[in-house]
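**Student:** My structure is stored as work33.txt, with compact mmCIF, C-alpha atoms.
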```txt
# COMPACT_ATOMS: atom_id res chain seq x y z
CA MET A 823 47.12 -172.47 49.00
CA ALA A 824 50.64 -171.04 49.46
CA PHE A 825 51.64 -167.90 47.56
CA ILE A 826 55.42 -167.40 47.24
CA ALA A 827 56.93 -163.94 46.72
CA ASP A 828 60.50 -162.81 46.06
CA PHE A 829 60.43 -159.02 46.32
CA HIS A 830 64.08 -158.03 45.86
CA ILE A 831 65.92 -158.85 42.62
CA HIS A 832 67.90 -156.97 39.97
CA SER A 833 67.59 -156.46 36.22
CA LYS A 834 70.16 -156.66 33.44
CA TYR A 835 70.77 -152.94 34.00
CA SER A 836 72.43 -153.49 37.37
CA ARG A 837 76.16 -154.04 37.62
CA ALA A 838 77.40 -157.64 37.89
CA THR A 839 74.11 -159.13 36.70
CA ALA A 840 73.33 -161.64 33.97
CA LYS A 841 72.28 -160.39 30.55
CA ASP A 842 69.13 -162.54 30.70
CA MET A 843 67.73 -160.77 33.77
CA ASP A 844 64.69 -159.64 31.81
CA ILE A 845 60.97 -160.21 32.25
CA SER A 846 60.63 -163.18 29.89
CA HIS A 847 63.49 -165.12 31.51
CA LEU A 848 62.32 -164.22 35.02
CA HIS A 849 58.86 -165.49 34.11
CA ARG A 850 60.24 -168.78 32.80
CA ILE A 851 62.42 -169.38 35.86
CA ALA A 852 59.63 -168.36 38.22
CA ARG A 853 57.47 -171.12 36.73
CA ILE A 854 60.25 -173.68 37.17
CA LYS A 855 60.97 -172.52 40.71
CA GLY A 856 57.35 -172.15 41.79
CA VAL A 857 57.59 -168.43 42.64
CA ASP A 858 54.23 -166.68 42.17
CA LEU A 859 55.23 -163.03 42.64
CA VAL A 860 58.52 -161.43 41.60
CA GLY A 861 59.85 -157.96 42.33
CA THR A 862 60.69 -156.05 39.20
CA GLY A 863 63.84 -154.62 40.75
CA ASP A 864 65.58 -151.55 39.32
CA PHE A 865 62.48 -149.50 38.46
CA THR A 866 64.65 -146.40 38.95
CA HIS A 867 66.58 -147.18 35.75
CA PRO A 868 64.90 -145.32 32.83
CA LEU A 869 65.57 -148.03 30.23
CA TRP A 870 64.29 -150.81 32.48
CA LEU A 871 61.24 -148.74 33.40
CA ASN A 872 60.45 -148.34 29.69
CA GLU A 873 60.57 -152.11 29.28
CA LEU A 874 58.31 -152.63 32.28
CA LYS A 875 55.77 -150.16 30.87
CA GLN A 876 55.74 -151.96 27.52
CA ILE A 877 55.64 -155.54 28.80
CA LEU A 878 53.68 -155.65 32.05
CA ALA A 879 49.90 -155.50 32.26
CA PRO A 880 48.32 -153.93 35.37
CA GLU A 881 46.13 -156.01 37.68
CA GLU A 882 43.28 -154.55 39.71
CA ASN A 883 45.05 -155.45 42.98
CA GLY A 884 48.08 -153.18 42.41
CA LEU A 885 50.31 -155.88 40.95
CA TYR A 886 51.39 -156.39 37.33
CA ARG A 887 51.34 -159.47 35.12
CA PHE A 888 53.38 -161.08 32.39
CA GLU A 889 51.57 -164.21 31.16
CA ASP A 890 50.94 -166.17 34.40
CA THR A 891 53.63 -164.54 36.56
CA LEU A 892 52.82 -161.60 38.81
CA PHE A 893 55.23 -158.72 39.42
CA ILE A 894 55.44 -156.04 42.11
CA LEU A 895 57.20 -152.72 41.48
CA THR A 896 60.41 -152.59 43.54
CA ALA A 897 63.87 -151.02 43.34
CA GLU A 898 66.97 -151.10 45.51
CA VAL A 899 68.88 -147.84 45.98
CA SER A 900 72.19 -147.05 47.66
CA ASN A 901 71.98 -144.10 50.05
CA ILE A 902 75.44 -142.65 50.73
CA PHE A 903 75.58 -139.75 53.19
CA TYR A 904 77.55 -138.29 56.08
CA LYS A 905 75.99 -138.44 59.52
CA ASP A 906 77.20 -138.37 63.14
CA GLY A 907 80.82 -138.10 62.11
CA ALA A 908 80.90 -140.97 59.65
CA THR A 909 80.13 -141.80 56.02
CA ARG A 910 77.08 -144.05 55.84
CA LYS A 911 76.24 -146.48 53.04
CA ILE A 912 72.75 -147.89 53.40
CA HIS A 913 70.83 -149.94 50.84
CA ASN A 914 67.04 -149.68 50.82
CA VAL A 915 64.26 -151.30 48.78
CA ILE A 916 61.41 -149.09 47.58
CA PHE A 917 57.96 -150.60 46.96
CA ALA A 918 55.55 -148.67 44.72
CA PRO A 919 51.86 -149.27 43.89
CA THR A 920 51.76 -148.08 40.25
CA LEU A 921 53.99 -147.16 37.33
CA GLN A 922 52.67 -143.62 37.61
CA VAL A 923 53.96 -143.38 41.17
CA VAL A 924 57.29 -144.85 40.04
CA GLU A 925 57.68 -142.09 37.45
CA LYS A 926 57.09 -139.44 40.12
CA ILE A 927 59.58 -141.10 42.49
CA ASN A 928 62.20 -141.32 39.76
CA LYS A 929 61.80 -137.68 38.84
CA LYS A 930 62.57 -136.69 42.43
CA LEU A 931 65.44 -139.18 42.85
CA ALA A 932 67.14 -137.94 39.68
CA ARG A 933 68.13 -134.82 41.64
CA PHE A 934 70.30 -136.94 43.94
CA GLY A 935 72.09 -139.28 41.54
CA ASP A 936 72.48 -140.57 37.98
CA LEU A 937 69.66 -143.05 37.45
CA TYR A 938 71.17 -144.26 34.16
CA SER A 939 74.47 -145.29 35.78
CA ASP A 940 73.24 -148.43 37.50
CA GLY A 941 70.05 -150.36 38.20
CA ARG A 942 70.84 -149.79 41.87
CA PRO A 943 71.71 -146.08 41.77
CA ILE A 944 73.86 -144.22 44.26
CA LEU A 945 71.87 -141.42 45.87
CA LYS A 946 73.51 -138.63 47.83
CA MET A 947 70.71 -138.29 50.34
CA GLU A 948 70.02 -139.48 53.86
CA ALA A 949 68.01 -142.68 54.28
CA MET A 950 65.42 -140.83 56.37
CA ASN A 951 64.99 -138.27 53.58
CA LEU A 952 64.39 -141.11 51.14
CA VAL A 953 61.49 -142.33 53.30
CA GLU A 954 60.13 -138.81 53.56
CA MET A 955 60.29 -138.31 49.79
CA VAL A 956 58.70 -141.69 48.99
CA LEU A 957 55.80 -141.07 51.37
CA GLU A 958 55.24 -137.57 50.04
CA THR A 959 54.93 -139.07 46.58
CA SER A 960 52.47 -141.76 47.63
CA GLU A 961 51.19 -142.87 51.02
CA GLU A 962 50.91 -146.39 49.58
CA ALA A 963 54.61 -146.58 48.73
CA PHE A 964 57.05 -147.73 51.42
CA VAL A 965 60.71 -148.45 52.12
CA VAL A 966 62.35 -151.60 53.52
CA PRO A 967 66.02 -151.50 54.62
CA ALA A 968 67.88 -154.15 52.59
CA HIS A 969 70.08 -157.03 53.89
CA ILE A 970 70.42 -155.16 57.14
CA TRP A 971 73.54 -156.88 58.54
CA THR A 972 75.99 -157.10 55.61
CA PRO A 973 79.27 -155.30 56.38
CA TRP A 974 79.53 -152.77 53.59
CA PHE A 975 76.13 -151.39 52.59
CA SER A 976 73.47 -151.88 55.22
CA LEU A 977 71.62 -150.47 58.21
CA PHE A 978 73.68 -152.38 60.81
CA GLY A 979 76.76 -153.02 58.68
CA ALA A 980 80.05 -153.10 60.58
CA ASN A 981 81.73 -150.65 58.21
CA SER A 982 79.17 -147.93 57.63
CA GLY A 983 75.98 -148.67 59.51
CA PHE A 984 74.27 -147.69 62.75
CA ASP A 985 73.60 -149.41 66.08
CA SER A 986 69.87 -148.65 66.01
CA ILE A 987 67.18 -147.98 63.45
CA GLU A 988 66.34 -144.67 65.13
CA GLU A 989 69.90 -143.38 64.57
CA CYS A 990 69.40 -143.88 60.83
CA PHE A 991 65.77 -142.97 60.22
CA GLY A 992 65.00 -140.63 63.11
CA GLU A 993 61.35 -139.55 63.24
CA TYR A 994 60.64 -141.60 60.11
CA THR A 995 61.38 -144.87 61.94
CA ARG A 996 57.63 -145.18 62.51
CA TYR A 997 57.19 -145.62 58.77
CA ILE A 998 59.65 -148.53 58.66
CA TYR A 999 57.73 -151.69 59.46
CA ALA A 1000 59.70 -154.43 57.71
CA LEU A 1001 63.38 -155.37 57.51
CA GLU A 1002 65.17 -157.66 55.07
CA THR A 1003 67.40 -160.14 56.93
CA GLY A 1004 69.79 -160.89 54.03
CA LEU A 1005 71.44 -164.16 53.06
CA SER A 1006 73.92 -164.15 55.95
CA SER A 1007 71.33 -163.97 58.71
CA ASP A 1008 68.04 -165.66 59.48
CA PRO A 1009 65.11 -164.61 61.72
CA GLU A 1010 66.46 -166.50 64.74
CA MET A 1011 69.62 -164.39 64.67
CA ASN A 1012 67.53 -161.20 64.46
CA TRP A 1013 65.29 -162.30 67.33
CA ARG A 1014 68.29 -161.93 69.65
CA VAL A 1015 67.96 -158.13 69.28
CA SER A 1016 64.83 -157.13 71.19
CA SER A 1017 64.62 -153.68 69.57
CA LEU A 1018 63.75 -155.43 66.28
CA ASP A 1019 60.67 -157.17 67.72
CA ARG A 1020 58.29 -154.58 66.30
CA PHE A 1021 59.46 -155.11 62.71
CA THR A 1022 58.33 -157.82 60.29
CA LEU A 1023 61.29 -159.77 58.93
CA ILE A 1024 61.28 -160.60 55.22
CA SER A 1025 63.70 -162.58 53.05
CA ASN A 1026 64.45 -162.21 49.35
CA SER A 1027 66.93 -163.60 46.84
CA ASP A 1028 68.62 -160.33 45.78
CA ALA A 1029 69.07 -162.32 42.55
CA HIS A 1030 71.63 -161.14 40.00
CA SER A 1031 70.93 -164.09 37.68
CA PRO A 1032 67.70 -166.01 36.99
CA SER A 1033 68.96 -169.21 38.62
CA ARG A 1034 69.17 -167.37 41.97
CA LEU A 1035 65.50 -166.43 41.98
CA GLY A 1036 63.66 -167.75 45.05
CA ARG A 1037 66.75 -168.84 46.97
CA GLU A 1038 65.14 -166.80 49.74
CA ALA A 1039 61.47 -165.83 49.63
CA ASN A 1040 58.25 -165.14 51.56
CA VAL A 1041 55.28 -167.51 51.79
CA PHE A 1042 51.75 -166.19 52.23
CA SER A 1043 48.43 -167.98 52.67
CA GLY A 1044 46.77 -167.45 49.32
CA LYS A 1045 47.09 -164.82 46.63
CA ILE A 1046 47.39 -161.27 47.94
CA GLY A 1047 47.62 -157.87 46.24
CA TYR A 1048 49.86 -154.85 46.78
CA GLY A 1049 47.71 -153.33 49.52
CA ASP A 1050 47.45 -156.67 51.30
CA ILE A 1051 51.23 -157.10 51.24
CA ARG A 1052 51.73 -153.64 52.72
CA GLU A 1053 49.17 -154.34 55.44
CA VAL A 1054 50.55 -157.80 56.27
CA LEU A 1055 54.08 -156.44 56.62
CA ARG A 1056 52.89 -153.48 58.68
CA GLU A 1057 50.85 -155.64 61.04
CA GLY A 1058 53.16 -158.70 61.09
CA ASP A 1059 50.07 -160.80 60.35
CA GLY A 1060 51.09 -164.39 61.09
CA LYS A 1061 47.81 -165.76 59.77
CA ARG A 1062 48.52 -164.52 56.25
CA PHE A 1063 52.34 -164.44 56.38
CA LEU A 1064 53.13 -168.11 56.92
CA TYR A 1065 56.94 -168.26 56.88
CA THR A 1066 60.10 -167.17 55.12
CA ILE A 1067 62.39 -169.36 53.03
CA GLU A 1068 65.99 -168.96 54.17
CA PHE A 1069 69.52 -169.84 53.21
CA PHE A 1070 71.37 -171.58 55.99
CA PRO A 1071 72.86 -168.22 57.13
CA GLN A 1072 76.31 -169.79 57.50
CA GLU A 1073 76.27 -170.19 53.70
CA GLY A 1074 76.01 -166.42 53.22
CA LYS A 1075 79.23 -164.78 52.13
CA TYR A 1076 79.45 -162.45 55.14
CA HIS A 1077 78.39 -164.74 57.99
CA TYR A 1078 81.75 -165.08 59.76
CA ASP A 1079 84.58 -162.59 60.12
CA GLY A 1080 87.60 -163.04 57.90
CA HIS A 1081 90.18 -161.93 55.39
CA ARG A 1082 89.65 -163.42 51.94
CA GLN A 1083 93.13 -162.57 50.67
CA CYS A 1084 94.72 -164.72 53.38
CA GLY A 1085 91.99 -167.40 53.40
CA VAL A 1086 91.24 -166.63 57.06
CA SER A 1087 87.75 -167.34 58.46
CA LEU A 1088 87.06 -166.71 62.15
CA SER A 1089 84.18 -166.87 64.59
CA PRO A 1090 83.43 -163.64 66.50
CA LYS A 1091 85.16 -165.04 69.59
CA GLU A 1092 88.27 -165.90 67.60
CA SER A 1093 88.28 -162.45 65.99
CA ARG A 1094 88.13 -160.75 69.36
CA ASN A 1095 91.10 -162.84 70.51
CA TYR A 1096 93.05 -161.41 67.55
CA LYS A 1097 91.72 -157.89 68.24
CA ASN A 1098 89.83 -158.06 64.91
CA LEU A 1099 93.08 -158.25 62.97
CA CYS A 1100 94.07 -160.94 60.47
CA PRO A 1101 96.44 -163.38 62.24
CA LYS A 1102 98.40 -163.86 59.00
CA CYS A 1103 98.98 -160.31 57.71
CA GLY A 1104 97.80 -158.03 60.51
CA GLN A 1105 95.24 -156.13 58.40
CA LYS A 1106 91.75 -155.39 59.67
CA LEU A 1107 89.31 -158.27 59.33
CA THR A 1108 85.99 -157.86 57.55
CA ILE A 1109 83.58 -158.12 60.47
CA GLY A 1110 80.72 -160.38 59.50
CA VAL A 1111 77.05 -160.62 60.31
CA MET A 1112 77.34 -163.02 63.26
CA HIS A 1113 79.78 -160.65 64.98
CA ARG A 1114 77.49 -157.65 64.50
CA VAL A 1115 74.46 -159.56 65.76
CA GLU A 1116 76.34 -160.59 68.90
CA THR A 1117 77.48 -156.99 69.43
CA LEU A 1118 73.89 -155.67 69.42
CA ALA A 1119 72.13 -158.72 70.89
CA ASP A 1120 70.50 -158.58 74.31
CA ARG A 1121 69.21 -162.16 74.18
CA LYS A 1122 71.00 -165.49 74.21
CA GLU A 1123 71.61 -167.57 71.10
CA GLY A 1124 68.63 -169.81 70.33
CA TYR A 1125 65.95 -167.40 71.58
CA CYS A 1126 62.65 -167.97 69.76
CA SER A 1127 60.35 -164.97 69.33
CA PRO A 1128 56.73 -165.85 70.26
CA GLN A 1129 55.37 -163.33 67.74
CA GLY A 1130 57.98 -163.84 65.01
CA ILE A 1131 57.11 -165.17 61.56
CA PRO A 1132 58.40 -168.78 61.27
CA PHE A 1133 61.10 -169.76 58.77
CA ARG A 1134 62.48 -172.78 56.94
CA HIS A 1135 66.06 -173.33 55.80
CA LEU A 1136 66.58 -174.64 52.28
CA VAL A 1137 69.43 -175.56 49.94
CA PRO A 1138 68.82 -174.98 46.19
CA LEU A 1139 67.72 -178.17 44.47
CA ALA A 1140 70.49 -177.99 41.86
CA GLU A 1141 73.08 -177.99 44.66
CA ILE A 1142 71.50 -181.06 46.24
CA ILE A 1143 71.46 -182.87 42.89
CA ALA A 1144 75.05 -181.84 42.17
CA GLU A 1145 76.30 -183.29 45.43
CA ALA A 1146 74.25 -186.45 45.01
CA LEU A 1147 75.72 -186.98 41.53
CA GLY A 1148 79.21 -185.83 42.50
CA GLN A 1149 79.25 -183.24 39.68
CA GLY A 1150 79.24 -179.46 39.31
CA VAL A 1151 76.00 -177.47 39.52
CA ASP A 1152 76.32 -176.21 35.94
CA THR A 1153 77.12 -179.58 34.34
CA LYS A 1154 74.79 -181.05 31.74
CA ALA A 1155 73.96 -184.08 33.89
CA VAL A 1156 72.89 -181.96 36.85
CA GLN A 1157 70.81 -179.56 34.74
CA GLU A 1158 69.05 -182.42 32.96
CA LYS A 1159 68.22 -184.12 36.26
CA TYR A 1160 67.03 -180.78 37.69
CA ARG A 1161 64.61 -180.30 34.79
CA ALA A 1162 63.37 -183.89 35.10
CA VAL A 1163 62.72 -183.63 38.85
CA THR A 1164 60.96 -180.25 38.68
CA GLN A 1165 58.80 -181.29 35.72
CA ARG A 1166 57.81 -184.53 37.39
CA LEU A 1167 57.02 -183.15 40.85
CA GLY A 1168 55.81 -179.61 40.18
CA GLY A 1169 58.48 -176.96 40.68
CA GLU A 1170 61.64 -176.60 42.77
CA LEU A 1171 60.13 -175.06 45.90
CA LYS A 1172 57.30 -177.58 45.95
CA VAL A 1173 59.87 -180.39 45.75
CA LEU A 1174 61.95 -178.91 48.55
CA LEU A 1175 59.05 -177.95 50.83
CA GLU A 1176 55.92 -179.97 50.18
CA VAL A 1177 56.32 -183.28 48.32
CA PRO A 1178 55.88 -186.12 50.86
CA GLU A 1179 58.92 -188.23 51.69
CA GLU A 1180 57.36 -191.40 50.28
CA GLU A 1181 56.65 -189.73 46.95
CA LEU A 1182 60.18 -188.34 46.77
CA PHE A 1183 61.75 -191.78 47.16
CA ARG A 1184 59.23 -193.29 44.76
CA SER A 1185 59.68 -190.68 42.03
CA ILE A 1186 63.33 -189.62 41.96
CA PRO A 1187 66.77 -191.20 42.59
CA SER A 1188 67.06 -192.21 46.23
CA LYS A 1189 70.23 -190.23 46.93
CA ILE A 1190 68.62 -187.00 45.71
CA ALA A 1191 65.56 -187.74 47.83
CA GLU A 1192 67.81 -188.45 50.81
CA GLY A 1193 69.57 -185.11 50.30
CA ILE A 1194 66.25 -183.25 50.25
CA MET A 1195 65.13 -184.92 53.46
CA ARG A 1196 68.40 -184.15 55.22
CA VAL A 1197 67.99 -180.47 54.36
CA ARG A 1198 64.41 -180.48 55.65
CA GLU A 1199 65.62 -182.02 58.90
CA GLY A 1200 68.63 -179.72 59.21
CA LYS A 1201 71.04 -182.66 59.05
CA VAL A 1202 73.72 -180.89 57.04
CA ASN A 1203 77.40 -180.04 57.39
CA ILE A 1204 78.21 -176.37 57.04
CA LYS A 1205 81.38 -174.39 56.38
CA CYS A 1206 80.78 -170.71 57.15
CA GLY A 1207 81.12 -167.99 54.53
CA TYR A 1208 83.31 -164.95 55.20
CA ASP A 1209 84.58 -161.73 53.58
CA GLY A 1210 82.75 -162.22 50.27
CA VAL A 1211 83.31 -165.99 50.10
CA TYR A 1212 80.13 -168.09 50.13
CA GLY A 1213 79.94 -170.87 52.71
CA GLU A 1214 79.34 -174.50 51.84
CA VAL A 1215 76.46 -176.75 52.86
CA ASN A 1216 76.94 -180.48 52.38
CA MET A 1217 74.25 -183.10 52.70
CA PHE A 1218 76.61 -186.07 52.58
CA GLY A 1219 79.68 -186.52 54.76
CA GLN A 1220 83.15 -187.31 53.47
CA GLU A 1221 82.94 -190.86 54.83
CA GLU A 1222 79.82 -191.54 52.75
CA LYS A 1223 81.52 -190.19 49.64
CA GLU A 1224 84.60 -192.35 50.24
CA GLU A 1225 82.41 -195.44 50.73
CA GLU A 1226 80.70 -194.78 47.38
CA LYS A 1227 84.04 -194.44 45.64
CA GLN A 1228 85.11 -197.77 47.09
CA LEU A 1229 81.89 -199.44 45.95
CA GLU A 1230 82.38 -198.09 42.42
CA LEU A 1231 85.65 -200.04 42.23
CA PHE A 1232 83.83 -203.39 42.49
```
Show me, as structure tokens, the structure contained in the file I just sent.

**Tutor:**
Amino acid sequence: MAFIADFHIHSKYSRATAKDMDISHLHRIARIKGVDLVGTGDFTHPLWLNELKQILAPEENGLYRFEDTLFILTAEVSNIFYKDGATRKIHNVIFAPTLQVVEKINKKLARFGDLYSDGRPILKMEAMNLVEMVLETSEEAFVVPAHIWTPWFSLFGANSGFDSIEECFGEYTRYIYALETGLSSDPEMNWRVSSLDRFTLISNSDAHSPSRLGREANVFSGKIGYGDIREVLREGDGKRFLYTIEFFPQEGKYHYDGHRQCGVSLSPKESRNYKNLCPKCGQKLTIGVMHRVETLADRKEGYCSPQGIPFRHLVPLAEIIAEALGQGVDTKAVQEKYRAVTQRLGGELKVLLEVPEEELFRSIPSKIAEGIMRVREGKVNIKCGYDGVYGEVNMFGQEEKEEEKQLELF
């Protein structure tokens, strides 16, 4: 039986997050989505940690529970430091086995930044020193570099990152055994860089609102505890780690290069032709994930890693329903249909991943079922995201939409 985990989210104490990013709402949405294990996010924030201590009940396997949803103790931090002649801004996710360990970690981190200022605090310390400090606190705790390709705050980011993991983490690279691919890349893109072969690739939602929970996630074979998760990620165990759930990476808001102010979106080849400058205003382009991957890649596009964990691309069910109905995602009609479909067929991710085609067409409106099948088969039209602008994935072509409009006239 599949066990779905979304390790990296945020709480209401992080900037630019929804006010209902609390345990009760996360539990409710996790049930609707079909996510079994949710990262707490933000355990470094003292007020959020107090809530976690009051609300969550410990399990024997190193996880925590609220009603029938499991939680794992995680927090994203922003390491800002100067190294090799440049200012570096690297986001990392810390995993911890117990609330007692979290309290010890927080006490040490408080020397490097204001933990009350943000759920994702800025720490004036090197990323390698973060790993050292976490391991000194508990050998069971570990660090995963977050959304490793995004331009502004990541390990390989075009604006403040490195060209190798060793440059960033030095001798502590051996304690890094998993990497988070981020919304703008998928495993296939990462497989083009052979130096990443020894790391397990994970995917998470980085949710700032409950509705985003599970938009990317990790699927394991059966329920596993904290120690099992650590071992599976360390070993890259393909028998227990079945696959990751992925955005179409083109939909991520930093996939292509571009300049949002001028509405310019460019492929890496096009950017190079313009010397990485905006063709409209001449300012520097924001160099996206695809460009950075191609810069560091030593394998051709389409390479499939024989030892890599498989993955599946998905589009959120509400987006499929919205396009099928020709209405906005947040409209009453779309939300009502979303609730009806998930209640009838057993949760969003089950609908998107598991429900047989025949049952889909028998149980829900045919156009919604057709949209789901097209996503499963990769038969979608994609407009790439760039410079903070999300891309668009469409299940139905413009010709189909025009034909429907014509039919509605008769």

**Student:** I'd like the interatomic distance between CA of Ile912 (chain A) and CA of Gly992 (chain A), to a tenth of an Å.

**Tutor:**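 Computing it gives 14.4 Å between the two atoms.
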
**Student:** What's the separation between CA of Glu1214 (chain A) and CA of Lys1075 (chain A), in Å to one decimal place?

**Tutor:** 9.7 Å

**Student:** Given all atoms listed in the file as the basis, pick out the residue of A:Asp1120, A:Asp842, A:Asp940, A:Glu1053 nearest to Leu869 (chain A).

**Tutor:**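 Of A:Asp1120, A:Asp842, A:Asp940, A:Glu1053, the one nearest Leu869 (chain A), counting all atoms listed in the file, is A:Asp940.
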
**Student:** For CA of Glu925 (chain A) and CA of Val860 (chain A), determine how far apart the two atoms are, in Å to one decimal place.

**Tutor:**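 It comes out at 19.8 Å.
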
**Student:** Please determine, counting all atoms listed in the file, which residue among A:Phe978, A:Tyr1048, A:Phe903, A:Tyr938 has the shortest atom-to-atom distance to Pro919 (chain A).

**Tutor:**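 Looking at the shortest contact to Pro919 (chain A), the residue is A:Tyr1048.
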
**Student:** Please identify all polymer residues within 8 Å of Ser1127 (chain A), counting all atoms listed in the file, omitting same-chain residues fewer than 4 positions from it, and present them as an NGL selection string.

**Tutor:** :A and (1010 or 1013 or 1019)

**Student:** Kindly indicate which residue among A:Val924, A:Lys855, A:Ser960, A:Ser846 lies nearest to Leu871 (chain A), using all atoms listed in the file for the distances.

**Tutor:**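 Counting all atoms listed in the file, the residue closest to Leu871 (chain A) is A:Val924.
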
**Student:** When you look at region 1195-1210 of chain A with a cut-off of 8 Å (counting all atoms listed in the file), what residues show up, excluding the ones that are within fewer than 4 positions of it in the same chain? I need them as a list of chain:residue names.

**Tutor:** A:Gln1072, A:Glu1073, A:Gly1074, A:Lys1075, A:Tyr1076, A:His1077, A:Tyr1078, A:Asp1079, A:Gly1080, A:His1081, A:Arg1082, A:Ser1087, A:Thr1108, A:Ile1109, A:Gly1110, A:His1135, A:Leu1136, A:Val1137, A:Leu1174, A:Leu1175, A:Glu1179, A:Ala1191, A:Glu1214, A:Val1215, A:Asn1216, A:Met1217, A:Phe1218, A:Gly1219

**Student:** Please determine, counting all atoms listed in the file, which residue among A:Asp1050, A:Glu1158, A:Glu1002, A:Glu958 has the shortest atom-to-atom distance to Leu977 (chain A).

**Tutor:**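 The shortest atom-to-atom distance to Leu977 (chain A) comes from A:Glu1002.
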
**Student:** Compare A:Asn901, A:Ser1033, A:Asn1095, A:Thr995 by their minimum atom-to-atom distance to Ile944 (chain A), counting all atoms listed in the file, and give me the closest one.

**Tutor:** A:Asn901

**Student:** Nearest to Val1111 (chain A) among A:Glu882, A:Glu948, A:Glu889, A:Asp1008, with distances taken over all atoms listed in the file: which residue is it?

**Tutor:**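 Among the listed residues, A:Asp1008 lies closest to Val1111 (chain A).
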
**Student:** Identify, on the basis of only C-alpha atoms, every residue whose closest approach to Tyr1160 (chain A) does not exceed 8 Å; exclude the query and any residue fewer than 2 positions from it along the same chain; express the result as a compact mmCIF listing (two decimals) with C-alpha atoms, keeping the file's coordinate frame.

**Tutor:**
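See selection-v2.txt below for the written result:
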```txt
# COMPACT_ATOMS: atom_id res chain seq x y z
CA LEU A 1139 67.72 -178.17 44.47
CA ALA A 1140 70.49 -177.99 41.86
CA ILE A 1143 71.46 -182.87 42.89
CA VAL A 1156 72.89 -181.96 36.85
CA GLN A 1157 70.81 -179.56 34.74
CA GLU A 1158 69.05 -182.42 32.96
CA ALA A 1162 63.37 -183.89 35.10
CA VAL A 1163 62.72 -183.63 38.85
CA THR A 1164 60.96 -180.25 38.68
```

**Student:** What residues have an atom no more than 12 Å from (66.9, -162.8, 69.7) in the file's own frame, counting only C-alpha atoms, and can you write them as a list in words?

**Tutor:** Ser1007, Asp1008, Pro1009, Glu1010, Met1011, Asn1012, Trp1013, Arg1014, Val1015, Ser1016, Ser1017, Leu1018, Asp1019, Val1115, Glu1116, Leu1118, Ala1119, Asp1120, Arg1121, Lys1122, Glu1123, Gly1124, Tyr1125, Cys1126, Ser1127, Pro1128, Gln1129 and Gly1130 of chain A

**Student:** Skipping near chain neighbours, those fewer than 3 positions away, what residues fall within 12 Å of Lys1061 (chain A) using only C-alpha atoms, listed as a PyMOL selection string?

**Tutor:** chain A and resi 824+1041-1044+1054-1055+1057-1058+1064-1065+1129-1132

**Student:** Using only C-alpha atoms and a cutoff of 7 Å, can you tell me which residues are near (52.0, -161.9, 44.2) in the file's coordinates, and write them out as a JSON list (two decimals) with C-alpha atoms, in the coordinates of the input?

**Tutor:**
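Listing of part_29.json after writing:
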```json
[["chain", "number", "residue", "atom", "x", "y", "z"],
["A", 825, "PHE", "CA", 51.64, -167.90, 47.56],
["A", 827, "ALA", "CA", 56.93, -163.94, 46.72],
["A", 858, "ASP", "CA", 54.23, -166.68, 42.17],
["A", 859, "LEU", "CA", 55.23, -163.03, 42.64],
["A", 892, "LEU", "CA", 52.82, -161.60, 38.81],
["A", 893, "PHE", "CA", 55.23, -158.72, 39.42],
["A", 1045, "LYS", "CA", 47.09, -164.82, 46.63],
["A", 1046, "ILE", "CA", 47.39, -161.27, 47.94],
["A", 1047, "GLY", "CA", 47.62, -157.87, 46.24]]
```

**Student:** If the box runs along x, y and z of the file and leaves 8 Å on each side of region 1082-1088 of chain A, what are its centre and edge lengths in Å, one decimal, as lines of an AutoDock Vina configuration file?

**Tutor:**
```
center_x = 90.9
center_y = -165.0
center_z = 56.4
size_x = 23.7
size_y = 20.8
size_z = 27.5
```
